[in-house]
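Coordinates from final02.cif are shown below (mmCIF, C-alpha atoms; chains and numbers go by the auth columns).
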```cif
data_data
#
loop_
_atom_site.group_PDB
_atom_site.id
_atom_site.type_symbol
_atom_site.label_atom_id
_atom_site.label_comp_id
_atom_site.label_asym_id
_atom_site.label_seq_id
_atom_site.Cartn_x
_atom_site.Cartn_y
_atom_site.Cartn_z
_atom_site.B_iso_or_equiv
_atom_site.auth_seq_id
_atom_site.auth_asym_id
ATOM 1 C CA GLN A 1 -12.827 115.701 30.744 0.00 1385 A
ATOM 2 C CA ARG A 2 -15.749 117.717 29.390 0.00 1386 A
ATOM 3 C CA ILE A 3 -15.644 120.539 26.865 0.00 1387 A
ATOM 4 C CA LYS A 4 -18.573 122.624 25.649 0.00 1388 A
ATOM 5 C CA GLY A 5 -18.901 124.344 22.316 0.00 1389 A
ATOM 6 C CA ASN A 6 -19.594 128.074 22.227 0.00 1390 A
ATOM 7 C CA PHE A 7 -22.503 128.101 19.758 0.00 1391 A
ATOM 8 C CA CYS A 8 -24.668 125.439 21.398 0.00 1392 A
ATOM 9 C CA VAL A 9 -24.498 123.075 24.327 0.00 1393 A
ATOM 10 C CA LEU A 10 -22.506 120.329 22.658 0.00 1394 A
ATOM 11 C CA GLN A 11 -20.454 118.165 24.956 0.00 1395 A
ATOM 12 C CA LEU A 12 -17.981 115.376 24.245 0.00 1396 A
ATOM 13 C CA ILE A 13 -17.189 113.189 27.252 0.00 1397 A
ATOM 14 C CA ARG A 14 -14.191 110.868 27.278 0.00 1398 A
ATOM 15 C CA THR A 15 -14.419 107.865 29.596 0.00 1399 A
ATOM 16 C CA VAL A 16 -11.115 106.196 28.687 0.00 1400 A
ATOM 17 C CA PRO A 17 -7.993 107.400 26.853 0.00 1401 A
ATOM 18 C CA LEU A 18 -7.090 105.893 23.477 0.00 1402 A
ATOM 19 C CA GLU A 19 -3.616 105.079 22.245 0.00 1403 A
ATOM 20 C CA PRO A 20 -2.660 107.307 19.295 0.00 1404 A
ATOM 21 C CA GLY A 21 -0.676 104.562 17.559 0.00 1405 A
ATOM 22 C CA ARG A 22 -3.777 102.608 16.536 0.00 1406 A
ATOM 23 C CA ASN A 23 -6.828 103.040 14.348 0.00 1407 A
ATOM 24 C CA TYR A 24 -10.309 102.895 15.896 0.00 1408 A
ATOM 25 C CA LEU A 25 -13.910 102.416 14.844 0.00 1409 A
ATOM 26 C CA PHE A 26 -16.516 104.548 16.642 0.00 1410 A
ATOM 27 C CA GLY A 27 -20.089 103.209 16.419 0.00 1411 A
ATOM 28 C CA PHE A 28 -22.253 106.333 16.811 0.00 1412 A
ATOM 29 C CA HIS A 29 -25.883 106.305 18.066 0.00 1413 A
ATOM 30 C CA PRO A 30 -28.488 107.582 17.468 0.00 1414 A
ATOM 31 C CA HIS A 31 -28.387 109.019 13.961 0.00 1415 A
ATOM 32 C CA GLY A 32 -30.917 111.780 14.587 0.00 1416 A
ATOM 33 C CA VAL A 33 -32.356 113.840 11.741 0.00 1417 A
ATOM 34 C CA LEU A 34 -29.058 115.347 10.579 0.00 1418 A
ATOM 35 C CA ALA A 35 -26.463 113.612 12.795 0.00 1419 A
ATOM 36 C CA ALA A 36 -25.605 117.038 14.214 0.00 1420 A
ATOM 37 C CA GLY A 37 -23.795 115.594 17.207 0.00 1421 A
ATOM 38 C CA ALA A 38 -21.576 113.460 15.018 0.00 1422 A
ATOM 39 C CA PHE A 39 -20.693 116.388 12.773 0.00 1423 A
ATOM 40 C CA GLY A 40 -20.065 118.828 15.621 0.00 1424 A
ATOM 41 C CA ASN A 41 -17.917 116.418 17.616 0.00 1425 A
ATOM 42 C CA PHE A 42 -15.958 114.704 14.866 0.00 1426 A
ATOM 43 C CA CYS A 43 -15.808 117.183 11.965 0.00 1427 A
ATOM 44 C CA THR A 44 -14.981 120.281 14.007 0.00 1428 A
ATOM 45 C CA GLU A 45 -12.982 121.146 17.107 0.00 1429 A
ATOM 46 C CA ALA A 46 -16.021 122.683 18.831 0.00 1430 A
ATOM 47 C CA THR A 47 -15.784 120.130 21.648 0.00 1431 A
ATOM 48 C CA GLY A 48 -12.003 119.721 21.608 0.00 1432 A
ATOM 49 C CA PHE A 49 -11.625 116.260 20.127 0.00 1433 A
ATOM 50 C CA GLY A 50 -7.929 116.899 19.519 0.00 1434 A
ATOM 51 C CA ARG A 51 -7.368 117.763 23.193 0.00 1435 A
ATOM 52 C CA LEU A 52 -9.352 114.816 24.470 0.00 1436 A
ATOM 53 C CA PHE A 53 -7.709 112.334 22.094 0.00 1437 A
ATOM 54 C CA PRO A 54 -4.285 113.699 21.163 0.00 1438 A
ATOM 55 C CA GLY A 55 -2.678 112.099 18.137 0.00 1439 A
ATOM 56 C CA LEU A 56 -5.998 110.884 16.674 0.00 1440 A
ATOM 57 C CA GLN A 57 -7.864 112.319 13.684 0.00 1441 A
ATOM 58 C CA PRO A 58 -11.599 111.526 13.268 0.00 1442 A
ATOM 59 C CA ARG A 59 -13.174 110.733 9.908 0.00 1443 A
ATOM 60 C CA LEU A 60 -16.971 110.719 9.821 0.00 1444 A
ATOM 61 C CA LEU A 61 -18.445 108.330 7.248 0.00 1445 A
ATOM 62 C CA THR A 62 -21.540 109.414 5.330 0.00 1446 A
ATOM 63 C CA LEU A 63 -23.642 108.126 2.446 0.00 1447 A
ATOM 64 C CA PRO A 64 -21.862 107.844 -0.929 0.00 1448 A
ATOM 65 C CA CYS A 65 -24.648 109.796 -2.683 0.00 1449 A
ATOM 66 C CA TRP A 66 -23.468 113.073 -1.109 0.00 1450 A
ATOM 67 C CA PHE A 67 -20.172 112.823 -2.976 0.00 1451 A
ATOM 68 C CA ARG A 68 -21.978 112.864 -6.317 0.00 1452 A
ATOM 69 C CA LEU A 69 -23.308 116.385 -5.785 0.00 1453 A
ATOM 70 C CA PRO A 70 -21.194 119.236 -7.215 0.00 1454 A
ATOM 71 C CA LEU A 71 -19.787 121.672 -4.636 0.00 1455 A
ATOM 72 C CA PHE A 72 -21.316 119.733 -1.729 0.00 1456 A
ATOM 73 C CA ARG A 73 -18.743 117.022 -2.416 0.00 1457 A
ATOM 74 C CA ASP A 74 -15.931 119.530 -1.894 0.00 1458 A
ATOM 75 C CA TYR A 75 -17.599 120.833 1.268 0.00 1459 A
ATOM 76 C CA ALA A 76 -17.870 117.287 2.626 0.00 1460 A
ATOM 77 C CA LEU A 77 -14.253 116.469 1.837 0.00 1461 A
ATOM 78 C CA ALA A 78 -13.081 119.732 3.432 0.00 1462 A
ATOM 79 C CA GLY A 79 -14.946 118.743 6.602 0.00 1463 A
ATOM 80 C CA GLY A 80 -13.177 115.390 6.740 0.00 1464 A
ATOM 81 C CA LEU A 81 -16.173 113.294 5.686 0.00 1465 A
ATOM 82 C CA VAL A 82 -15.585 109.962 3.965 0.00 1466 A
ATOM 83 C CA SER A 83 -17.859 107.711 1.930 0.00 1467 A
ATOM 84 C CA SER A 84 -19.437 104.921 3.984 0.00 1468 A
ATOM 85 C CA GLU A 85 -18.673 102.273 1.370 0.00 1469 A
ATOM 86 C CA PRO A 86 -16.880 99.209 2.792 0.00 1470 A
ATOM 87 C CA GLU A 87 -13.777 99.945 0.730 0.00 1471 A
ATOM 88 C CA SER A 88 -13.472 103.389 2.317 0.00 1472 A
ATOM 89 C CA LEU A 89 -13.832 101.994 5.826 0.00 1473 A
ATOM 90 C CA GLU A 90 -11.207 99.344 5.157 0.00 1474 A
ATOM 91 C CA HIS A 91 -8.845 101.990 3.816 0.00 1475 A
ATOM 92 C CA LEU A 92 -9.151 103.950 7.068 0.00 1476 A
ATOM 93 C CA LEU A 93 -8.754 100.957 9.356 0.00 1477 A
ATOM 94 C CA ALA A 94 -5.704 99.746 7.433 0.00 1478 A
ATOM 95 C CA TRP A 95 -3.982 103.137 7.622 0.00 1479 A
ATOM 96 C CA PRO A 96 -0.305 102.484 8.409 0.00 1480 A
ATOM 97 C CA GLY A 97 0.931 103.827 11.711 0.00 1481 A
ATOM 98 C CA GLY A 98 -2.561 104.303 13.140 0.00 1482 A
ATOM 99 C CA GLY A 99 -3.954 107.601 14.331 0.00 1483 A
ATOM 100 C CA LEU A 100 -7.289 107.531 12.470 0.00 1484 A
ATOM 101 C CA VAL A 101 -10.774 107.180 13.948 0.00 1485 A
ATOM 102 C CA ALA A 102 -13.557 106.041 11.606 0.00 1486 A
ATOM 103 C CA VAL A 103 -16.953 107.210 12.908 0.00 1487 A
ATOM 104 C CA ILE A 104 -20.129 105.530 11.635 0.00 1488 A
ATOM 105 C CA ALA A 105 -23.737 106.399 12.487 0.00 1489 A
ATOM 106 C CA LEU A 106 -24.804 102.775 12.420 0.00 1490 A
ATOM 107 C CA GLY A 107 -28.557 103.455 12.429 0.00 1491 A
ATOM 108 C CA GLY A 108 -28.362 105.102 9.033 0.00 1492 A
ATOM 109 C CA PRO A 109 -31.344 106.469 7.062 0.00 1493 A
ATOM 110 C CA PRO A 110 -33.986 104.239 8.749 0.00 1494 A
ATOM 111 C CA GLU A 111 -33.063 105.683 12.130 0.00 1495 A
ATOM 112 C CA ALA A 112 -33.296 109.241 10.764 0.00 1496 A
ATOM 113 C CA LEU A 113 -36.971 108.676 9.901 0.00 1497 A
ATOM 114 C CA GLU A 114 -37.677 107.768 13.531 0.00 1498 A
ATOM 115 C CA ALA A 115 -35.883 110.752 15.080 0.00 1499 A
ATOM 116 C CA ARG A 116 -38.154 113.145 16.979 0.00 1500 A
ATOM 117 C CA PRO A 117 -38.270 114.661 20.496 0.00 1501 A
ATOM 118 C CA GLY A 118 -39.004 112.072 23.132 0.00 1502 A
ATOM 119 C CA ALA A 119 -38.402 109.137 20.814 0.00 1503 A
ATOM 120 C CA GLU A 120 -36.177 106.369 22.046 0.00 1504 A
ATOM 121 C CA ALA A 121 -33.121 105.611 19.968 0.00 1505 A
ATOM 122 C CA ILE A 122 -33.824 102.921 17.387 0.00 1506 A
ATOM 123 C CA LEU A 123 -30.796 100.715 17.376 0.00 1507 A
ATOM 124 C CA GLY A 124 -30.827 98.645 14.201 0.00 1508 A
ATOM 125 C CA LEU A 125 -27.815 96.663 15.301 0.00 1509 A
ATOM 126 C CA LEU A 126 -29.249 93.191 15.652 0.00 1510 A
ATOM 127 C CA ARG A 127 -28.948 92.548 11.912 0.00 1511 A
ATOM 128 C CA ARG A 128 -25.946 94.787 11.241 0.00 1512 A
ATOM 129 C CA ARG A 129 -22.655 92.971 11.561 0.00 1513 A
ATOM 130 C CA GLY A 130 -20.708 94.227 8.567 0.00 1514 A
ATOM 131 C CA PHE A 131 -18.847 96.841 10.597 0.00 1515 A
ATOM 132 C CA VAL A 132 -17.876 94.147 13.104 0.00 1516 A
ATOM 133 C CA ARG A 133 -16.517 91.887 10.353 0.00 1517 A
ATOM 134 C CA ILE A 134 -14.380 94.674 8.927 0.00 1518 A
ATOM 135 C CA ALA A 135 -13.095 95.680 12.367 0.00 1519 A
ATOM 136 C CA LEU A 136 -12.327 92.052 13.144 0.00 1520 A
ATOM 137 C CA LYS A 137 -10.474 91.683 9.856 0.00 1521 A
ATOM 138 C CA HIS A 138 -8.124 94.540 10.717 0.00 1522 A
ATOM 139 C CA GLY A 139 -7.980 93.993 14.479 0.00 1523 A
ATOM 140 C CA THR A 140 -9.495 97.432 15.063 0.00 1524 A
ATOM 141 C CA PRO A 141 -10.963 98.215 18.505 0.00 1525 A
ATOM 142 C CA LEU A 142 -14.667 99.091 18.534 0.00 1526 A
ATOM 143 C CA VAL A 143 -15.694 102.114 20.613 0.00 1527 A
ATOM 144 C CA PRO A 144 -19.461 102.497 21.258 0.00 1528 A
ATOM 145 C CA VAL A 145 -20.518 106.161 21.259 0.00 1529 A
ATOM 146 C CA PHE A 146 -23.945 107.389 22.377 0.00 1530 A
ATOM 147 C CA SER A 147 -25.193 110.941 21.813 0.00 1531 A
ATOM 148 C CA PHE A 148 -27.801 111.873 24.416 0.00 1532 A
ATOM 149 C CA GLY A 149 -30.203 114.547 23.179 0.00 1533 A
ATOM 150 C CA GLU A 150 -29.626 113.956 19.465 0.00 1534 A
ATOM 151 C CA ASN A 151 -33.314 113.278 18.826 0.00 1535 A
ATOM 152 C CA GLU A 152 -34.390 116.478 20.608 0.00 1536 A
ATOM 153 C CA LEU A 153 -33.034 118.922 18.011 0.00 1537 A
ATOM 154 C CA PHE A 154 -35.826 118.756 15.411 0.00 1538 A
ATOM 155 C CA ARG A 155 -39.512 117.956 15.136 0.00 1539 A
ATOM 156 C CA GLN A 156 -40.622 115.727 12.309 0.00 1540 A
ATOM 157 C CA VAL A 157 -43.885 115.532 10.400 0.00 1541 A
ATOM 158 C CA PRO A 158 -45.746 112.444 11.705 0.00 1542 A
ATOM 159 C CA ASN A 159 -44.771 109.454 9.560 0.00 1543 A
ATOM 160 C CA PRO A 160 -45.778 106.262 11.368 0.00 1544 A
ATOM 161 C CA PRO A 161 -44.898 102.970 9.650 0.00 1545 A
ATOM 162 C CA GLY A 162 -47.514 102.158 7.008 0.00 1546 A
ATOM 163 C CA SER A 163 -48.565 105.762 6.419 0.00 1547 A
ATOM 164 C CA ARG A 164 -48.511 107.274 2.945 0.00 1548 A
ATOM 165 C CA LEU A 165 -45.667 109.587 3.854 0.00 1549 A
ATOM 166 C CA ARG A 166 -43.590 106.744 5.265 0.00 1550 A
ATOM 167 C CA ARG A 167 -44.162 104.606 2.180 0.00 1551 A
ATOM 168 C CA LEU A 168 -43.118 107.528 -0.024 0.00 1552 A
ATOM 169 C CA GLN A 169 -40.022 108.114 2.082 0.00 1553 A
ATOM 170 C CA GLY A 170 -39.183 104.428 1.827 0.00 1554 A
ATOM 171 C CA ARG A 171 -39.435 104.496 -1.955 0.00 1555 A
ATOM 172 C CA LEU A 172 -37.290 107.608 -2.205 0.00 1556 A
ATOM 173 C CA GLN A 173 -34.755 106.059 0.126 0.00 1557 A
ATOM 174 C CA ARG A 174 -34.475 102.960 -2.058 0.00 1558 A
ATOM 175 C CA LEU A 175 -34.239 105.125 -5.176 0.00 1559 A
ATOM 176 C CA LEU A 176 -31.837 107.810 -3.947 0.00 1560 A
ATOM 177 C CA GLY A 177 -30.057 105.953 -1.166 0.00 1561 A
ATOM 178 C CA VAL A 178 -30.795 108.661 1.391 0.00 1562 A
ATOM 179 C CA ALA A 179 -33.603 109.324 3.878 0.00 1563 A
ATOM 180 C CA LEU A 180 -35.678 112.487 3.400 0.00 1564 A
ATOM 181 C CA PRO A 181 -37.331 113.328 6.736 0.00 1565 A
ATOM 182 C CA LEU A 182 -39.689 116.331 6.757 0.00 1566 A
ATOM 183 C CA PHE A 183 -38.472 118.269 9.767 0.00 1567 A
ATOM 184 C CA HIS A 184 -38.595 121.719 11.318 0.00 1568 A
ATOM 185 C CA ALA A 185 -37.420 123.439 14.489 0.00 1569 A
ATOM 186 C CA ARG A 186 -36.858 127.171 15.136 0.00 1570 A
ATOM 187 C CA GLY A 187 -35.965 130.290 13.202 0.00 1571 A
ATOM 188 C CA VAL A 188 -33.409 133.030 13.753 0.00 1572 A
ATOM 189 C CA PHE A 189 -35.700 135.515 15.524 0.00 1573 A
ATOM 190 C CA GLN A 190 -38.580 133.256 16.566 0.00 1574 A
ATOM 191 C CA TYR A 191 -38.923 129.836 18.164 0.00 1575 A
ATOM 192 C CA SER A 192 -41.987 128.380 16.464 0.00 1576 A
ATOM 193 C CA PHE A 193 -40.806 127.385 12.996 0.00 1577 A
ATOM 194 C CA GLY A 194 -37.579 127.191 11.005 0.00 1578 A
ATOM 195 C CA LEU A 195 -34.688 124.915 10.113 0.00 1579 A
ATOM 196 C CA LEU A 196 -32.289 125.835 12.898 0.00 1580 A
ATOM 197 C CA PRO A 197 -32.074 123.168 15.628 0.00 1581 A
ATOM 198 C CA PHE A 198 -33.703 123.741 18.984 0.00 1582 A
ATOM 199 C CA ARG A 199 -31.393 124.817 21.795 0.00 1583 A
ATOM 200 C CA ARG A 200 -31.127 121.414 23.398 0.00 1584 A
ATOM 201 C CA PRO A 201 -27.987 119.982 25.005 0.00 1585 A
ATOM 202 C CA ILE A 202 -26.197 117.083 23.312 0.00 1586 A
ATOM 203 C CA HIS A 203 -23.954 114.944 25.495 0.00 1587 A
ATOM 204 C CA THR A 204 -21.837 112.521 23.474 0.00 1588 A
ATOM 205 C CA VAL A 205 -20.245 109.752 25.519 0.00 1589 A
ATOM 206 C CA GLY A 206 -17.697 107.184 24.331 0.00 1590 A
ATOM 207 C CA GLU A 207 -17.576 103.832 26.101 0.00 1591 A
ATOM 208 C CA ARG A 208 -14.569 101.588 26.572 0.00 1592 A
ATOM 209 C CA LYS A 209 -13.226 99.845 23.493 0.00 1593 A
ATOM 210 C CA TRP A 210 -13.778 96.220 22.511 0.00 1594 A
ATOM 211 C CA GLY A 211 -11.387 93.966 20.606 0.00 1595 A
ATOM 212 C CA GLU A 212 -7.634 94.215 20.447 0.00 1596 A
ATOM 213 C CA LYS A 213 -6.023 91.929 17.907 0.00 1597 A
ATOM 214 C CA PRO A 214 -7.006 90.330 14.573 0.00 1598 A
ATOM 215 C CA GLN A 215 -8.165 86.785 15.066 0.00 1599 A
ATOM 216 C CA LYS A 216 -6.268 83.894 13.473 0.00 1600 A
ATOM 217 C CA ARG A 217 -8.464 81.407 11.691 0.00 1601 A
ATOM 218 C CA GLY A 218 -7.641 77.855 10.763 0.00 1602 A
ATOM 219 C CA LYS A 219 -8.586 76.276 7.481 0.00 1603 A
ATOM 220 C CA THR A 220 -11.083 73.888 9.068 0.00 1604 A
ATOM 221 C CA LYS A 221 -14.547 75.134 9.965 0.00 1605 A
ATOM 222 C CA LYS A 222 -13.495 78.614 8.870 0.00 1606 A
ATOM 223 C CA THR A 223 -17.038 79.920 8.296 0.00 1607 A
ATOM 224 C CA ARG A 224 -18.315 78.740 11.656 0.00 1608 A
ATOM 225 C CA ARG A 225 -15.352 80.180 13.534 0.00 1609 A
ATOM 226 C CA LYS A 226 -15.768 83.490 11.740 0.00 1610 A
ATOM 227 C CA LYS A 227 -19.422 83.737 12.831 0.00 1611 A
ATOM 228 C CA VAL A 228 -18.476 82.988 16.432 0.00 1612 A
ATOM 229 C CA GLU A 229 -15.800 85.693 16.384 0.00 1613 A
ATOM 230 C CA VAL A 230 -18.238 88.245 14.947 0.00 1614 A
ATOM 231 C CA GLU A 231 -20.772 87.441 17.676 0.00 1615 A
ATOM 232 C CA LEU A 232 -18.116 87.810 20.382 0.00 1616 A
ATOM 233 C CA TRP A 233 -17.481 91.377 19.209 0.00 1617 A
ATOM 234 C CA HIS A 234 -21.078 92.193 18.344 0.00 1618 A
ATOM 235 C CA ARG A 235 -22.706 91.338 21.683 0.00 1619 A
ATOM 236 C CA PRO A 236 -20.609 93.662 23.889 0.00 1620 A
ATOM 237 C CA HIS A 237 -21.321 96.510 21.450 0.00 1621 A
ATOM 238 C CA LEU A 238 -25.065 95.848 21.816 0.00 1622 A
ATOM 239 C CA LYS A 239 -24.928 95.721 25.612 0.00 1623 A
ATOM 240 C CA THR A 240 -23.308 99.143 25.878 0.00 1624 A
ATOM 241 C CA HIS A 241 -26.300 100.705 24.089 0.00 1625 A
#
```

Rewrite the coordinates I just gave you, this time as structure tokens.
Amino acid sequence: QRIKGNFCVLQLIRTVPLEPGRNYLFGFHPHGVLAAGAFGNFCTEATGFGRLFPGLQPRLLTLPCWFRLPLFRDYALAGGLVSSEPESLEHLLAWPGGGLVAVIALGGPPEALEARPGAEAILGLLRRRGFVRIALKHGTPLVPVFSFGENELFRQVPNPPGSRLRRLQGRLQRLLGVALPLFHARGVFQYSFGLLPFRRPIHTVGERKWGEKPQKRGKTKKTRRKKVEVELWHRPHLKTH
């Protein structure tokens, strides 16, 4: 089933149905400059998430720093956003009775600095396994989600690795905890410069889920078995992207 939003060409495509009695973890790619696809699909009903996945409520995770800003914190909470701290994710995945979908843009700030038209998605998943460990702990199915066209919405000031701008952005990211890409797109009455996104289609596709039940671990060789279990969940998630 495919549903388009009225304001822009934003499309959420369901490939498999999900049971409403469980909690799920959506791994969203790519981040893009502002994660517009994630916000439009999972913080609003522009693409009919509630009709595509009845009985499920999405919760988009974002950086904790946004919840320290007055007024913006209330705006974020009203939109259903949740802090991306591990404790928050665990709270969602352990929700009794199920029915919650935690959505994480796994590329994070580093991926935002690489987002520009024509750029391939930078999947920083090879070294990121924390989300898999938490999902494994709670027996939560992983659902890979890819947003085609996310990087086409904004142009970014050239910031190749090693440049002065990139080094400055890296320092600010370590200091503030958030990426600060210098971007532009179109205006209200002209198409050459502004902060509104370009009119480009975004097609967000969810793949089939991985993982079903929490794994039981014996007391012997516990660390080794845990690593093997994480790899068994991590590899299929990589292959789908």

Interatomic distance (Å, one decimal) between CA of Phe1423 in chain A and CA of Pro1585 in chain A
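CA of Phe1423 in chain A sits 14.7 Å away from CA of Pro1585 in chain A.
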
Using only C-alpha atoms, tabulate the residues of range 1396-1490 of chain A lying at most 9 Å from any atom of range 1510-1527 of chain A, each with its closest atom pair and that distance in Å to one decimal, by chain and increasing residue number, as JSON lines.
```
{"residue": "A:Arg1406", "atom": "CA", "partner": "A:Thr1524", "partner_atom": "CA", "distance": 7.9}
{"residue": "A:Asn1407", "atom": "CA", "partner": "A:Thr1524", "partner_atom": "CA", "distance": 6.3}
{"residue": "A:Tyr1408", "atom": "CA", "partner": "A:Pro1525", "partner_atom": "CA", "distance": 5.4}
{"residue": "A:Leu1409", "atom": "CA", "partner": "A:Leu1526", "partner_atom": "CA", "distance": 5.0}
{"residue": "A:Phe1410", "atom": "CA", "partner": "A:Val1527", "partner_atom": "CA", "distance": 4.7}
{"residue": "A:Gly1411", "atom": "CA", "partner": "A:Val1527", "partner_atom": "CA", "distance": 6.2}
{"residue": "A:Phe1412", "atom": "CA", "partner": "A:Val1527", "partner_atom": "CA", "distance": 8.7}
{"residue": "A:Pro1470", "atom": "CA", "partner": "A:Ile1518", "partner_atom": "CA", "distance": 8.0}
{"residue": "A:Leu1473", "atom": "CA", "partner": "A:Ile1518", "partner_atom": "CA", "distance": 8.0}
{"residue": "A:Glu1474", "atom": "CA", "partner": "A:Ile1518", "partner_atom": "CA", "distance": 6.8}
{"residue": "A:Leu1477", "atom": "CA", "partner": "A:His1522", "partner_atom": "CA", "distance": 6.6}
{"residue": "A:Ala1478", "atom": "CA", "partner": "A:His1522", "partner_atom": "CA", "distance": 6.6}
{"residue": "A:Ile1488", "atom": "CA", "partner": "A:Phe1515", "partner_atom": "CA", "distance": 8.8}
{"residue": "A:Leu1490", "atom": "CA", "partner": "A:Arg1512", "partner_atom": "CA", "distance": 8.2}
```

For the file shown, what are the residues hit by the PyMOL selection byres ((chain A and resi 1426-1432) around 7), laid out as a list in words?
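That selection, the PyMOL selection byres ((chain A and resi 1426-1432) around 7), comes back as Ile1387, Lys1388, Gly1389, Leu1394, Gln1395, Leu1396, Ala1422, Phe1423, Gly1424, Asn1425, Phe1433, Gly1434, Arg1435, Leu1436, Pro1442, Arg1443, Leu1444, Gly1463 and Gly1464 of chain A.
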
Which of A:Ser1531, A:Gly1483, A:Leu1453, A:Gln1574 sits closest to Glu1591 in chain A [using all atoms listed in the file]
A:Ser1531

Calculate how many Å separate CA of Val1562 in chain A from CA of Leu1465 in chain A, rounding to one decimal.
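Separation between CA of Val1562 in chain A and CA of Leu1465 in chain A: 15.9 Å.
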
Would you write out, as a PDB file with C-alpha atoms, keeping the file's coordinate frame, every residue that the PyMOL selection byres ((chain A and resi 1583) around 8) captures in this file?
```pdb
ATOM      1  CA  CYS A1392     -24.668 125.439  21.398  1.00  0.00           C
ATOM      2  CA  VAL A1393     -24.498 123.075  24.327  1.00  0.00           C
ATOM      3  CA  LEU A1537     -33.034 118.922  18.011  1.00  0.00           C
ATOM      4  CA  PRO A1581     -32.074 123.168  15.628  1.00  0.00           C
ATOM      5  CA  PHE A1582     -33.703 123.741  18.984  1.00  0.00           C
ATOM      6  CA  ARG A1584     -31.127 121.414  23.398  1.00  0.00           C
ATOM      7  CA  PRO A1585     -27.987 119.982  25.005  1.00  0.00           C
TER       8      PRO A1585
END
```

Enter the distance from CA of Gly1421 in chain A to CA of Glu1495 in chain A, in Å, rounded to one decimal.
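Distance between the two atoms: 14.5 Å.
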
Taking all atoms of range 1466-1473 of chain A that the file lists and extending 3 Å past them on each side, where is the centre of the axis-aligned box and how long are its edges? Answer in Å to one decimal, as lines of an AutoDock Vina configuration file.
```
center_x = -16.5
center_y = 104.6
center_z = 3.3
size_x = 12.0
size_y = 16.8
size_z = 11.1
```

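Minimum distance to Arg1551 in chain A across A:Glu1469, A:Leu1497, A:Val1572, A:Gly1502 (counting all atoms listed in the file) occurs at A:Leu1497.
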
At most 12 Å from (-30.6, 105.4, -6.4), file frame, all atoms listed in the file: which residues, as a ChimeraX atom specification?
/A:1447-1450,1452,1554-1563

Between A:Leu1566, A:Ile1397, A:Ala1489, A:Ala1462, which residue has the minimum interatomic distance to Gly1416 in chain A, considering only C-alpha atoms?
A:Ala1489

Ranking A:Gln1441, A:Asn1543, A:Thr1399, A:Ser1468 by minimum distance to Phe1567 in chain A and counting only C-alpha atoms, which one comes first?
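Between A:Gln1441, A:Asn1543, A:Thr1399, A:Ser1468, the residue approaching Phe1567 in chain A most closely is A:Asn1543.
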
Residue with smallest distance to Ala1419 in chain A - pool A:Gly1492, A:Pro1401, A:Pro1501, A:Pro1545, counting only C-alpha atoms:
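Between A:Gly1492, A:Pro1401, A:Pro1501, A:Pro1545, the residue approaching Ala1419 in chain A most closely is A:Gly1492.
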
Which one is closest to Ala1496 in chain A: A:Phe1437, A:Tyr1575, A:Phe1538, A:Phe1451? Count all atoms listed in the file.
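Closest residue, counting all atoms listed in the file: A:Phe1538.
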
N, CA and C atoms for range 1516-1527 of chain A, written as an mmCIF file, keeping the file's coordinate frame, could you do that?
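The result, stored in selection_33.cif:
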```cif
data_model
loop_
_atom_site.group_PDB
_atom_site.id
_atom_site.type_symbol
_atom_site.label_atom_id
_atom_site.label_comp_id
_atom_site.auth_asym_id
_atom_site.auth_seq_id
_atom_site.Cartn_x
_atom_site.Cartn_y
_atom_site.Cartn_z
ATOM 1 N N VAL A 1516 -18.627 95.018 12.200
ATOM 2 C CA VAL A 1516 -17.876 94.147 13.104
ATOM 3 C C VAL A 1516 -16.920 93.261 12.311
ATOM 4 N N ARG A 1517 -17.375 92.746 11.178
ATOM 5 C CA ARG A 1517 -16.517 91.887 10.353
ATOM 6 C C ARG A 1517 -15.293 92.649 9.860
ATOM 7 N N ILE A 1518 -15.509 93.888 9.427
ATOM 8 C CA ILE A 1518 -14.380 94.674 8.927
ATOM 9 C C ILE A 1518 -13.418 95.020 10.055
ATOM 10 N N ALA A 1519 -13.958 95.390 11.224
ATOM 11 C CA ALA A 1519 -13.095 95.680 12.367
ATOM 12 C C ALA A 1519 -12.314 94.445 12.793
ATOM 13 N N LEU A 1520 -12.979 93.308 12.775
ATOM 14 C CA LEU A 1520 -12.327 92.052 13.144
ATOM 15 C C LEU A 1520 -11.219 91.705 12.161
ATOM 16 N N LYS A 1521 -11.462 91.977 10.900
ATOM 17 C CA LYS A 1521 -10.474 91.683 9.856
ATOM 18 C C LYS A 1521 -9.173 92.445 10.092
ATOM 19 N N HIS A 1522 -9.305 93.701 10.538
ATOM 20 C CA HIS A 1522 -8.124 94.540 10.717
ATOM 21 C C HIS A 1522 -7.662 94.617 12.174
ATOM 22 N N GLY A 1523 -8.352 93.926 13.073
ATOM 23 C CA GLY A 1523 -7.980 93.993 14.479
ATOM 24 C C GLY A 1523 -8.178 95.365 15.077
ATOM 25 N N THR A 1524 -9.237 96.061 14.624
ATOM 26 C CA THR A 1524 -9.495 97.432 15.063
ATOM 27 C C THR A 1524 -10.425 97.449 16.271
ATOM 28 N N PRO A 1525 -10.066 98.130 17.352
ATOM 29 C CA PRO A 1525 -10.963 98.215 18.505
ATOM 30 C C PRO A 1525 -12.253 98.959 18.172
ATOM 31 N N LEU A 1526 -13.367 98.446 18.679
ATOM 32 C CA LEU A 1526 -14.667 99.091 18.534
ATOM 33 C C LEU A 1526 -14.938 99.960 19.758
ATOM 34 N N VAL A 1527 -15.392 101.186 19.517
ATOM 35 C CA VAL A 1527 -15.694 102.114 20.613
ATOM 36 C C VAL A 1527 -17.152 102.552 20.476
#
```
